[in-house]
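Asker: Please find one structure pasted underneath; my questions will follow.
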Amino acid sequence: MSVQQPTPETQQGMLDEAKQVYHAAQQLLHTERLKMRGKVMLAEQEWQLSKRATMVSAGSMLLLSMVLMVCWLLVNSLIGLALYQLATPLWAVLISLLCLNILCAHLLWQWCRAAVGQVGFGRTWRSVFGESEHEDTHTRTH
């Protein structure tokens, strides 16, 4: 049994088919490069937005904390004065104010942790690197 040599028409058909496959692969590569460039640009823009938002948030929180500190000192002074005028011993006034301040500090700490948790670009990370939301949550908590 001998192997038949392809005819010139068959050879030309195979060559044309190989050229089509090559051009399709080039087009697919170009499309994928464009997609990746778009993802990188999106990540860069989201990074810039996150930086700006973080700076504005930090500055606003600093100013707000200063205003709230002055108000809180006034409230503490008024509460302490009112309690002292009710013939409450000074040690009881101080302990009451201390407990009130510890409670408020705990609540503020919880609020700050929730606000900081909003900073980031998790969706973009998952889009670029293909990680699932479960994996991202798992890596953030550990």
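If you're wondering about the labels, chains in the structure tokens are A, B, ... by order shown, residues count from 1 in each chain, ligands from 1 in order shown.
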Which polymer residues have any atom within 12 Å of an atom of region 93-95 of chain A, counting only C-alpha atoms, with same-chain residues fewer than 2 positions away left out, as a PyMOL selection string?
Answerer: chain A and resi 76-91+97-102
Asker: Write out as a list in words which residues come within 12 Å of region 54-56 of chain A when counting only C-alpha atoms, dropping same-chain ones fewer than 6 positions away.
Answerer: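 Answer for this query is Glu46, Trp47, Gln48, Leu62, Leu63, Leu64, Ala115, Val116, Gly117, Gln118, Val119 and Gly120 of chain A.
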Asker: Next, the residues of the selection above should be written as a short mmCIF file (atom, residue, chain, number, x, y, z; two decimals), in the first residue's frame with C-alpha atoms.
Answerer:
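Result went into selection_4.cif, see below:
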data_model
loop_
_atom_site.label_atom_id
_atom_site.label_comp_id
_atom_site.auth_asym_id
_atom_site.auth_seq_id
_atom_site.Cartn_x
_atom_site.Cartn_y
_atom_site.Cartn_z
CA GLU A 46 -10.19 52.59 39.83
CA TRP A 47 -6.89 52.79 41.73
CA GLN A 48 -6.75 56.56 41.16
CA LEU A 62 -9.87 64.39 60.67
CA LEU A 63 -11.88 67.60 60.46
CA LEU A 64 -15.00 65.91 61.71
CA ALA A 115 -15.91 52.70 56.65
CA VAL A 116 -12.39 51.42 55.95
CA GLY A 117 -13.89 48.15 54.69
CA GLN A 118 -15.44 50.08 51.80
CA VAL A 119 -12.05 51.07 50.35
CA GLY A 120 -10.70 48.85 47.59
#
Asker: When you draw a straight line from CA of Cys104 (chain A) to CA of Gly59 (chain A), how long is it in Å?
Answerer: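 According to the coordinates, CA of Cys104 (chain A) and CA of Gly59 (chain A) are separated by 21.3 Å.
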Asker: Between CA of Cys112 (chain A) and CA of Ala58 (chain A), what is the spacing in Å?
Answerer: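 Separation of CA of Ala58 (chain A) and CA of Cys112 (chain A): 10.7 Å.
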Asker: Could you tell me how far CA of Arg37 (chain A) sits from CA of Ser127 (chain A), in Å to one decimal place?
Answerer: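 Answer for the CA of Ser127 (chain A) to CA of Arg37 (chain A) separation: 12.6 Å.
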